[in-house]
Every structure is written in structure tokens, then in C-alpha cells.
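So this one's data_12.txt, compact mmCIF, C-alpha atoms:
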# COMPACT_ATOMS: atom_id res chain seq x y z
CA MET A 1 113.69 109.50 116.29
CA ASP A 2 115.76 112.57 117.17
CA LYS A 3 115.83 114.07 113.70
CA ILE A 4 113.35 116.74 112.57
CA ASP A 5 110.27 115.57 110.66
CA ILE A 6 110.84 118.14 107.93
CA LYS A 7 107.76 117.26 105.86
CA SER A 8 105.54 118.23 108.81
CA LEU A 9 106.99 121.77 108.86
CA ASN A 10 105.11 124.68 107.33
CA GLU A 11 106.81 127.44 105.38
CA VAL A 12 107.30 129.63 108.44
CA GLU A 13 108.91 126.77 110.34
CA LEU A 14 111.13 126.01 107.35
CA LEU A 15 112.23 129.65 107.37
CA GLY A 16 113.35 129.15 110.94
CA LEU A 17 115.28 126.04 109.97
CA MET A 18 116.96 127.88 107.09
CA ASN A 19 117.92 130.66 109.47
CA ASP A 20 119.48 128.11 111.83
CA LEU A 21 121.49 126.73 108.90
CA ASN A 22 122.52 130.23 107.72
CA GLN A 23 120.66 129.80 104.43
CA PRO A 24 118.82 132.45 102.38
CA LYS A 25 115.08 132.72 102.97
CA PHE A 26 114.08 131.61 99.46
CA ARG A 27 115.37 128.12 100.21
CA ALA A 28 112.40 127.55 102.52
CA ALA A 29 109.91 127.88 99.66
CA GLN A 30 112.02 125.59 97.47
CA LEU A 31 112.16 122.95 100.18
CA PHE A 32 108.45 123.16 100.89
CA LYS A 33 107.58 122.62 97.24
CA TRP A 34 109.88 119.61 96.95
CA LEU A 35 108.60 118.03 100.14
CA GLN A 36 104.95 118.38 99.14
CA GLN A 37 105.65 116.59 95.85
CA GLY A 38 106.38 113.38 97.75
CA ILE A 39 110.10 112.99 97.09
CA GLU A 40 111.86 110.03 98.70
CA GLY A 41 115.19 111.69 99.60
CA PHE A 42 117.03 114.99 99.79
CA ASP A 43 119.21 114.22 96.76
CA GLU A 44 116.12 114.54 94.54
CA MET A 45 116.12 118.28 95.29
CA THR A 46 118.07 119.21 92.18
CA ASN A 47 118.03 122.99 92.73
CA ILE A 48 119.29 122.73 96.31
CA PRO A 49 123.09 122.94 96.88
CA LYS A 50 124.75 119.66 97.89
CA SER A 51 126.12 121.28 101.04
CA LEU A 52 122.57 122.10 102.20
CA ARG A 53 121.28 118.65 101.22
CA ASP A 54 124.03 117.07 103.29
CA ALA A 55 123.21 119.31 106.24
CA LEU A 56 119.53 118.38 105.96
CA LYS A 57 120.39 114.67 105.92
CA GLU A 58 122.20 115.11 109.22
CA LYS A 59 119.44 117.12 110.86
CA CYS A 60 116.16 115.93 109.30
CA TYR A 61 114.29 113.00 107.81
CA ILE A 62 111.57 112.76 105.14
CA ALA A 63 108.56 110.70 106.21
CA ASN A 64 107.28 108.43 103.46
CA VAL A 65 105.14 105.34 103.08
CA SER A 66 105.93 102.19 101.11
CA ILE A 67 103.38 99.95 99.43
CA VAL A 68 103.17 96.53 101.07
CA LYS A 69 100.00 95.37 99.33
CA LYS A 70 97.86 96.86 96.61
CA PHE A 71 94.38 95.63 95.75
CA VAL A 72 92.41 96.77 92.71
CA SER A 73 88.68 96.16 92.48
CA LYS A 74 87.59 94.33 89.36
CA ILE A 75 84.17 95.89 89.82
CA ASP A 76 84.89 99.63 89.84
CA GLY A 77 88.66 100.17 89.87
CA THR A 78 88.84 101.25 93.50
CA VAL A 79 92.42 100.87 94.76
CA LYS A 80 93.22 99.89 98.34
CA TYR A 81 96.67 100.01 99.86
CA VAL A 82 98.41 98.64 102.88
CA TYR A 83 101.26 101.07 103.52
CA GLU A 84 104.27 100.49 105.74
CA LEU A 85 105.70 103.34 107.81
CA PHE A 86 109.32 103.95 108.82
CA ASP A 87 108.93 101.94 112.04
CA GLY A 88 107.28 98.93 110.40
CA GLU A 89 103.73 99.83 111.42
CA ARG A 90 101.05 99.48 108.76
CA ILE A 91 98.03 101.53 107.77
CA GLU A 92 95.35 101.52 105.07
CA SER A 93 94.41 104.02 102.38
CA VAL A 94 91.87 103.90 99.55
CA VAL A 95 91.63 105.69 96.20
CA MET A 96 88.16 106.04 94.65
CA LYS A 97 87.21 107.44 91.26
CA TYR A 98 84.11 109.61 90.90
CA GLU A 99 82.77 111.76 88.08
CA HIS A 100 84.23 114.84 89.76
CA GLY A 101 87.72 113.32 90.15
CA TYR A 102 89.73 111.15 92.50
CA THR A 103 89.16 110.91 96.23
CA VAL A 104 91.58 109.39 98.71
CA CYS A 105 90.54 108.05 102.10
CA ILE A 106 93.47 108.37 104.51
CA SER A 107 94.27 107.01 107.95
CA THR A 108 95.16 109.30 110.84
CA GLN A 109 96.33 106.71 113.39
CA VAL A 110 97.82 103.24 113.47
CA GLY A 111 94.84 101.41 114.94
CA CYS A 112 92.24 103.21 117.02
CA ARG A 113 91.30 103.51 120.69
CA MET A 114 87.59 104.20 120.14
CA GLY A 115 86.59 100.52 120.11
CA CYS A 116 83.40 100.82 118.05
CA SER A 117 81.84 97.36 117.88
CA PHE A 118 81.06 97.47 114.15
CA CYS A 119 84.53 98.63 113.02
CA ALA A 120 87.62 96.50 112.36
CA SER A 121 90.09 99.40 112.76
CA GLY A 122 90.13 99.35 116.55
CA LEU A 123 90.09 95.61 117.15
CA ASP A 124 93.77 95.64 118.14
CA GLY A 125 93.64 99.02 119.90
CA LEU A 126 95.75 102.11 119.24
CA PHE A 127 99.43 101.75 118.40
CA ARG A 128 100.37 105.37 117.70
CA ASN A 129 99.34 108.63 116.05
CA LEU A 130 100.33 109.49 112.51
CA THR A 131 102.31 112.66 111.88
CA PRO A 132 101.06 115.29 109.42
CA SER A 133 103.79 114.13 107.03
CA GLU A 134 102.55 110.52 107.16
CA MET A 135 99.04 111.69 106.29
CA LEU A 136 100.41 113.72 103.37
CA ALA A 137 102.52 110.79 102.21
CA GLN A 138 99.42 108.64 101.71
CA ILE A 139 98.18 111.19 99.18
CA THR A 140 101.46 111.71 97.30
CA LYS A 141 102.16 107.97 97.11
CA ALA A 142 98.68 107.31 95.68
CA GLN A 143 99.14 110.09 93.12
CA GLN A 144 102.53 108.77 92.04
CA ASP A 145 101.45 105.13 91.88
CA ASN A 146 98.33 105.84 89.83
CA GLY A 147 99.58 108.80 87.77
CA ILE A 148 96.66 110.97 88.90
CA ARG A 149 95.89 114.13 90.82
CA ILE A 150 93.85 113.71 93.98
CA SER A 151 91.21 116.42 94.30
CA ASN A 152 89.32 115.27 97.40
CA VAL A 153 90.37 113.85 100.77
CA VAL A 154 88.34 112.04 103.39
CA MET A 155 89.89 111.50 106.80
CA MET A 156 87.88 108.35 107.37
CA GLY A 157 90.43 105.56 107.31
CA MET A 158 92.01 103.95 110.34
CA GLY A 159 91.94 106.02 113.52
CA GLU A 160 90.02 108.90 115.06
CA PRO A 161 91.28 112.22 113.62
CA LEU A 162 90.17 114.23 116.65
CA ASP A 163 92.04 111.85 118.97
CA ASN A 164 95.12 112.98 117.03
CA PHE A 165 93.98 116.57 117.09
CA SER A 166 97.11 118.70 116.68
CA ASN A 167 98.52 116.53 113.89
CA SER A 168 95.18 116.47 112.07
CA VAL A 169 94.94 120.26 112.25
CA LYS A 170 98.51 120.65 111.00
CA PHE A 171 97.75 118.27 108.13
CA LEU A 172 94.73 120.36 107.12
CA GLN A 173 96.87 123.48 107.09
CA LEU A 174 99.65 121.86 105.05
CA VAL A 175 97.54 120.00 102.49
CA SER A 176 95.66 123.17 101.55
CA CYS A 177 98.75 125.37 101.05
CA ASP A 178 98.97 127.05 97.65
CA ASN A 179 102.61 126.00 97.25
CA GLY A 180 101.89 122.44 98.31
CA LEU A 181 99.24 119.94 97.25
CA ASN A 182 96.75 122.83 97.16
CA ILE A 183 93.70 120.70 97.93
CA GLY A 184 90.96 123.09 99.00
CA LEU A 185 89.55 122.60 102.48
CA ARG A 186 86.04 122.50 101.01
CA HIS A 187 87.13 119.28 99.32
CA ILE A 188 88.12 117.62 102.60
CA SER A 189 85.90 115.67 105.00
CA LEU A 190 86.87 114.79 108.56
CA SER A 191 85.03 111.94 110.24
CA THR A 192 84.77 111.64 114.01
CA SER A 193 83.10 109.19 116.35
CA GLY A 194 81.99 112.16 118.44
CA VAL A 195 84.87 113.54 120.52
CA VAL A 196 82.85 116.49 121.77
CA SER A 197 85.68 118.42 123.44
CA ARG A 198 87.67 118.39 120.20
CA ILE A 199 84.67 119.31 118.04
CA LYS A 200 84.49 122.45 120.17
CA ASP A 201 88.21 123.07 119.65
CA LEU A 202 87.92 122.46 115.89
CA LYS A 203 85.22 125.10 115.48
CA ASP A 204 87.70 127.77 116.62
CA TYR A 205 89.77 127.12 113.48
CA ASN A 206 86.69 127.68 111.31
CA PHE A 207 87.99 125.38 108.59
CA PRO A 208 85.53 125.14 105.66
CA ILE A 209 85.79 121.34 105.74
CA THR A 210 82.89 118.91 105.94
CA LEU A 211 82.52 117.55 109.45
CA SER A 212 81.19 114.00 109.34
CA ILE A 213 79.79 112.51 112.55
CA SER A 214 79.68 108.74 113.01
CA LEU A 215 76.31 108.73 114.74
CA HIS A 216 74.85 105.29 113.95
CA ALA A 217 72.04 105.49 116.52
CA PRO A 218 69.34 107.97 117.61
CA ASN A 219 69.64 107.44 121.38
CA ASP A 220 72.10 106.64 124.13
CA GLU A 221 70.85 103.12 124.80
CA ILE A 222 71.64 101.89 121.30
CA ARG A 223 74.68 104.07 120.66
CA SER A 224 76.40 103.19 123.93
CA SER A 225 76.07 99.49 123.07
CA MET A 226 77.90 100.15 119.80
CA MET A 227 80.30 102.99 120.62
CA LYS A 228 82.33 103.43 123.80
CA VAL A 229 82.71 107.16 123.17
CA ASN A 230 78.98 107.62 123.80
CA LYS A 231 79.45 106.68 127.45
CA LYS A 232 81.47 109.90 127.85
CA TRP A 233 79.49 112.15 125.53
CA GLY A 234 75.88 111.15 124.92
CA VAL A 235 73.83 111.79 121.80
CA ASP A 236 72.24 115.01 123.05
CA GLU A 237 75.59 116.47 124.13
CA LEU A 238 77.11 115.50 120.79
CA LEU A 239 74.31 117.11 118.79
CA ALA A 240 74.53 120.25 120.92
CA ALA A 241 78.24 120.48 120.03
CA CYS A 242 77.33 120.03 116.37
CA LYS A 243 74.89 122.93 116.56
CA GLU A 244 77.55 125.05 118.21
CA TYR A 245 80.08 124.05 115.52
CA GLN A 246 77.61 124.84 112.74
CA GLY A 247 76.80 128.19 114.32
CA VAL A 248 80.41 129.24 113.76
CA THR A 249 81.29 127.53 110.48
CA THR A 250 77.85 127.63 108.76
CA ARG A 251 78.83 124.34 107.10
CA ARG A 252 76.44 121.46 106.57
CA ILE A 253 77.21 118.48 108.80
CA SER A 254 77.12 114.91 107.55
CA PHE A 255 75.91 112.14 109.84
CA GLU A 256 77.09 108.61 109.08
CA TYR A 257 74.59 105.94 109.98
CA ALA A 258 75.69 102.30 109.61
CA LEU A 259 72.41 100.43 109.24
CA ILE A 260 72.51 97.14 111.15
CA GLU A 261 69.74 94.59 110.97
CA GLY A 262 67.74 94.38 114.18
CA VAL A 263 69.85 97.00 115.96
CA ASN A 264 69.17 100.49 114.58
CA ASP A 265 67.03 99.94 111.47
CA SER A 266 63.49 100.19 112.87
CA ASP A 267 60.86 102.79 111.99
CA ALA A 268 61.11 104.01 115.58
CA CYS A 269 64.83 104.62 115.11
CA ALA A 270 64.22 106.55 111.90
CA ASP A 271 61.55 108.69 113.56
CA GLU A 272 63.69 109.41 116.62
CA LEU A 273 66.69 110.23 114.45
CA ALA A 274 64.65 112.67 112.37
CA LYS A 275 63.38 114.36 115.52
CA LYS A 276 66.88 114.68 117.01
CA LEU A 277 68.35 116.18 113.82
CA ARG A 278 65.56 118.68 113.23
CA GLY A 279 66.96 122.21 113.10
CA LEU A 280 70.42 121.16 111.93
CA MET A 281 71.57 121.78 108.38
CA CYS A 282 72.64 118.22 107.77
CA HIS A 283 72.71 115.14 105.60
CA VAL A 284 72.40 111.51 106.72
CA ASN A 285 74.67 109.09 104.90
CA ILE A 286 73.16 105.63 105.35
CA ILE A 287 75.82 102.92 105.20
CA PRO A 288 74.73 99.29 104.87
CA ALA A 289 76.76 97.59 107.63
CA ASN A 290 80.01 95.98 106.52
CA PRO A 291 80.48 92.40 107.73
CA VAL A 292 83.26 92.00 110.31
CA LYS A 293 84.09 88.46 111.34
CA GLU A 294 84.57 89.47 114.99
CA ASN A 295 80.87 90.37 115.38
CA SER A 296 77.51 89.08 114.18
CA PHE A 297 76.20 92.32 112.67
CA LYS A 298 74.35 92.01 109.37
CA LYS A 299 73.11 94.60 106.93
CA PRO A 300 69.34 94.77 106.31
CA ASP A 301 68.01 93.80 102.90
CA MET A 302 67.88 96.57 100.31
CA ASN A 303 64.13 97.11 100.65
CA LYS A 304 64.54 97.92 104.33
CA ILE A 305 67.50 100.19 103.63
CA ILE A 306 65.49 102.17 101.08
CA HIS A 307 62.50 102.27 103.42
CA PHE A 308 64.67 103.74 106.22
CA LYS A 309 66.00 106.39 103.85
CA GLU A 310 62.55 107.32 102.55
CA ARG A 311 61.16 107.58 106.07
CA LEU A 312 63.84 110.12 106.98
CA ILE A 313 63.20 112.11 103.81
CA LYS A 314 59.46 112.24 104.51
CA LYS A 315 60.26 113.73 107.89
CA GLY A 316 62.37 116.48 106.35
CA ILE A 317 65.86 114.98 106.70
CA ASN A 318 68.09 114.83 103.65
CA ALA A 319 69.36 111.25 103.33
CA THR A 320 71.10 109.02 100.81
CA VAL A 321 72.47 105.48 100.80
CA ARG A 322 76.22 105.35 100.37
CA ARG A 323 77.37 103.82 97.12
CA THR A 324 79.46 100.71 97.78
CA LEU A 325 82.92 100.82 96.20
CA GLY A 326 85.55 98.12 96.20
CA ALA A 327 83.17 95.46 97.52
CA ASP A 328 85.48 92.68 96.32
CA ILE A 329 88.60 93.96 98.11
CA ASP A 330 87.69 94.11 101.83
CA ALA A 331 85.42 97.14 102.18
CA SER A 332 85.54 97.56 105.95
CA CYS A 333 88.16 99.83 107.53
CA GLY A 334 90.92 97.84 109.21
CA GLN A 335 90.07 94.50 107.62
CA LEU A 336 92.71 94.72 104.91
CA ARG A 337 95.51 95.54 107.37
CA ARG A 338 94.48 92.66 109.62
CA LYS A 339 94.37 90.20 106.73
CA VAL A 340 97.83 91.23 105.57
CA LYS A 341 99.10 90.92 109.14
CA GLU A 342 97.61 87.43 109.30
CA GLY A 343 99.16 86.52 105.94
CA ILE A 344 95.90 86.15 104.04
CA GLY A 345 96.22 86.95 100.34
CA SER A 346 93.81 88.13 97.67
CA GLU A 347 93.32 87.26 94.05
CA ASN A 348 93.02 91.01 93.38
CA LEU A 349 96.54 91.68 94.63
CA GLN A 350 98.85 93.58 92.33
Any chance you could put this one into C-alpha cells?
Amino acid sequence: MDKIDIKSLNEVELLGLMNDLNQPKFRAAQLFKWLQQGIEGFDEMTNIPKSLRDALKEKCYIANVSIVKKFVSKIDGTVKYVYELFDGERIESVVMKYEHGYTVCISTQVGCRMGCSFCASGLDGLFRNLTPSEMLAQITKAQQDNGIRISNVVMMGMGEPLDNFSNSVKFLQLVSCDNGLNIGLRHISLSTSGVVSRIKDLKDYNFPITLSISLHAPNDEIRSSMMKVNKKWGVDELLAACKEYQGVTTRRISFEYALIEGVNDSDACADELAKKLRGLMCHVNIIPANPVKENSFKKPDMNKIIHFKERLIKKGINATVRRTLGADIDASCGQLRRKVKEGIGSENLQ
């Protein structure tokens, strides 16, 4: 598409566009505010002259998402969406309600190239990166559809945010703008499979976000069998980058650990994990493995899950078991998109 993705522009870039169109500077702030509200078209900008709206239509486009499928959990009200993008590609997003407010889990890519064996998102590979505007649109669409304000964002949906580095950084800058959605960076979590080179780049921005590492194993032997990325950057190199990142940002790091029966749930794994994480200000988020039909992974029984958690705590590592939300509407990332693609319905569809 040759037109400008106007919703991905910051206020400084919009000033440049207004200058090119011989418009007064204050129009940039007006445009930015409209765009961050999630409008569908330029004609909704009621305080913008028609001549400028027409010029913008010729030069720019507004990236939006449309709802293809919506699933609402009968258990806890969690809402899951399959969104369609301008080119027909589809992504997933999830809205969860907590005591502190609403959290949205957004996608950063269509598909994923990481190829983690326990995750459905990358089963078909990577199709393309999402733009900052397409990440923002997932939030605004969810707010509009549910009549709510989103207060927290987790970049943990489809895709690897650090494999789409520049767009993810731009999204973080835009979503936290005072004149935009104004979601504080301390209320945003970014999850990565462990792209070490980009973790080092991210630390230079010193964003006060929560960095969440998909670790899932205490050593290279197990992790490499589950995650292709570990063959490039091993566990020790990854944890060294985390220490370097924490040295700059002083932020606690979260480690995601999908507990899989007979793979990474032994006492030896818990002990080795505790030893590797010693010295880091961190938290281990234990995730009972989600079933994916393309593999044979199973989650341990609850007694073993609790035992693993308690063993970490006894060794000085803060750990909790993730609360399961939306269990009746395809909990695993990527599964919902694949089912819609395959034409499989759901009784929870709205």
C-alpha cells in the first residue's frame, strides 16, 4: 500500500505531514487525538475541515481491525476475538477482567517464526509483521465493542514482539502518549521467547515495562528441544542478557514456565531453575501446559504443579501458578485463529 499509515505516526511526524499540506500546527494534535480514539474514517473527524479530510483520504489510510469471530467465556467472561486486517489476514486478541481493571492481550505478528513446539501460534509460520497502528487498533476495537477502558496491555498474543522490534517500540511510544490512549508503560508487559540481541537493544530505551521471558526450561538440553530460538541463544546467554537489562531498567523480570508432564516438571528441573535465577529480581509464572492437538504435551496434575511452585519458593524464588481464564474458549495462543480458518465453530460464539 502506497498511502501513509497515519495512525502509526506520532505527533511530531503528524506535524511534518501538516506542514507538507500547508496546514496550521494545531491540526496535528487534533488528528492524533482522533486517530487514537479508534475512528473508522476521516469523515468522523468533525472538527477537521472537509478540504483537509479529503486531502488526507488521498494521501493516507487509517488502519483498523474488524471482528470476524467473538467468543465469550461462560465461566469468567473472558472475551476472545479473531480480527481481520485490511489485507484479509487474521489475528487473535483477548480481553480479561481483573479486580484492578481490564487487560487486553494483543498480537504483534500474523503467525510467528519462532516455532516453539508447545505453541499453536507458529504452526503455520510467519506471514507478516503488524504495524503499530494494527496493535493499537486491537485495543480501541476491544474498548468500543465492550464499552470499557483498557488499563493494562500484555504483548503476549500471536507473534514475537522483539522479532517485530521497531514496530513494537513505536507502539509502546504511541500507546503511552498523554494525548492518546495514555496507558502507562508500567501497565504493559512484553513477552519474548528470548531474542537476546533485541533484549539488549530494548534496554537502551529504558521503558518501565515488565519484560516477560518465555523460559520454560532450566537448561539447554530441554529448552532446545522445545524452542528453536535456544539453539541460537542458550539459557546462560539469555539470563546474562536479562541481568544486563535489569541493571539498566531496575525492573523485575517475569519468567514464564509452561509446565509439561514428563518434560520440565521434575524436582531436578525446579532445583536447577532456582539456581540459575538466583541473583535476579524476578518472578516465575508457572503455566499449566495448554493442550495443542499437533503435539502430545500434557499438563501435570495439580498436586505436581503446586509441588513445583512450592519447591521454587523454598529455594528463594518468587513463584505463582497462572490463573486460567477463558478455559472454555480455546485458551492456547493461535488455536482460535486456526479453528476459524478451518471453519470450526463454537457454541460460545457471539
Give me the residues within 7 Å of stretch 183-189 of chain A as an mmCIF file with C-alpha atoms, keeping the file's coordinate frame, counting only C-alpha atoms and dropping any in the same chain fewer than 2 places off.
data_model
loop_
_atom_site.group_PDB
_atom_site.id
_atom_site.type_symbol
_atom_site.label_atom_id
_atom_site.label_comp_id
_atom_site.auth_asym_id
_atom_site.auth_seq_id
_atom_site.Cartn_x
_atom_site.Cartn_y
_atom_site.Cartn_z
ATOM 1 C CA SER A 151 91.210 116.420 94.300
ATOM 2 C CA ASN A 152 89.320 115.270 97.400
ATOM 3 C CA VAL A 153 90.370 113.850 100.770
ATOM 4 C CA VAL A 154 88.340 112.040 103.390
ATOM 5 C CA MET A 155 89.890 111.500 106.800
ATOM 6 C CA VAL A 175 97.540 120.000 102.490
ATOM 7 C CA SER A 176 95.660 123.170 101.550
ATOM 8 C CA LEU A 181 99.240 119.940 97.250
ATOM 9 C CA SER A 191 85.030 111.940 110.240
ATOM 10 C CA PHE A 207 87.990 125.380 108.590
ATOM 11 C CA PRO A 208 85.530 125.140 105.660
ATOM 12 C CA ILE A 209 85.790 121.340 105.740
ATOM 13 C CA THR A 210 82.890 118.910 105.940
ATOM 14 C CA LEU A 211 82.520 117.550 109.450
ATOM 15 C CA SER A 212 81.190 114.000 109.340
#
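For the pair atom CA of A:Ala241 and atom CA of A:Ser166, the interatomic distance is 19.2 Å.
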Problem - Atom-to-atom span, atom CA of A:Lys232 and atom CA of A:Pro288, Å - result: 26.2 Å
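Among the candidate residues A:Trp34, A:Gly316, A:Leu239, A:Asn10, the one lying nearest to A:Lys170 is A:Asn10, with distances computed using only C-alpha atoms.
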Problem - For atom CA of A:Ile150 and atom CA of A:Tyr102, the interatomic separation in Å (one decimal) - result: 5.1 Å
Handout entry: Protein and nucleic acid residues near (87.4, 109.4, 95.9) (cut-off 12 Å, only C-alpha atoms) as a ChimeraX atom specification
Key = /A:76-80,93-106,139,142,148-156,187-189,323-326
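With all atoms listed in the file as the basis for measurement, A:Lys59 is the residue among A:Lys228, A:Lys203, A:Lys59, A:Lys50 that approaches A:Asp5 most closely.
Among the candidate residues A:Gly88, A:Gly159, A:Gly147, A:Gly262, the one lying nearest to A:Ser107 is A:Gly159, with distances computed using all atoms listed in the file.
Between A:Ala319 and the candidates A:Asp87, A:Glu256, A:Asp267, A:Glu221, the tightest atom-to-atom separation, counting all atoms listed in the file, involves A:Glu256.
Restricting the calculation to all atoms listed in the file, the smallest distance between A:Val284 and any of A:Ser214, A:Ser225, A:Gln143, A:Asn230 is found for A:Ser214.
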Fill in the blank from the handout: Of A:Val196, A:Leu136, A:Cys60, A:Leu174, the one sitting nearest A:Lys243 when using only C-alpha atoms is A:Val196
Exercise for the section: Could you give me, as an MDAnalysis selection string, the residues that have an atom at most 10 Å away from the point (100.1, 109.5, 107.4) in the coordinates of the file, using all atoms listed in the file? Expected result: chainID A and resid 63:65 83 85 91:93 106:110 129:139 167:168 171
Surrounding residues of stretch 302-309 of chain A excluding itself and chain neighbours under 6 positions, 8 Å, all atoms listed in the file, as a PDB file with C-alpha atoms, in the coordinates of the input:
ATOM      1  CA  LEU A 259      72.410 100.430 109.240  1.00  0.00           C
ATOM      2  CA  ASP A 265      67.030  99.940 111.470  1.00  0.00           C
ATOM      3  CA  SER A 266      63.490 100.190 112.870  1.00  0.00           C
ATOM      4  CA  ASP A 267      60.860 102.790 111.990  1.00  0.00           C
ATOM      5  CA  ALA A 270      64.220 106.550 111.900  1.00  0.00           C
ATOM      6  CA  ILE A 286      73.160 105.630 105.350  1.00  0.00           C
ATOM      7  CA  PRO A 288      74.730  99.290 104.870  1.00  0.00           C
ATOM      8  CA  ALA A 319      69.360 111.250 103.330  1.00  0.00           C
ATOM      9  CA  THR A 320      71.100 109.020 100.810  1.00  0.00           C
ATOM     10  CA  VAL A 321      72.470 105.480 100.800  1.00  0.00           C
TER      11      VAL A 321
END
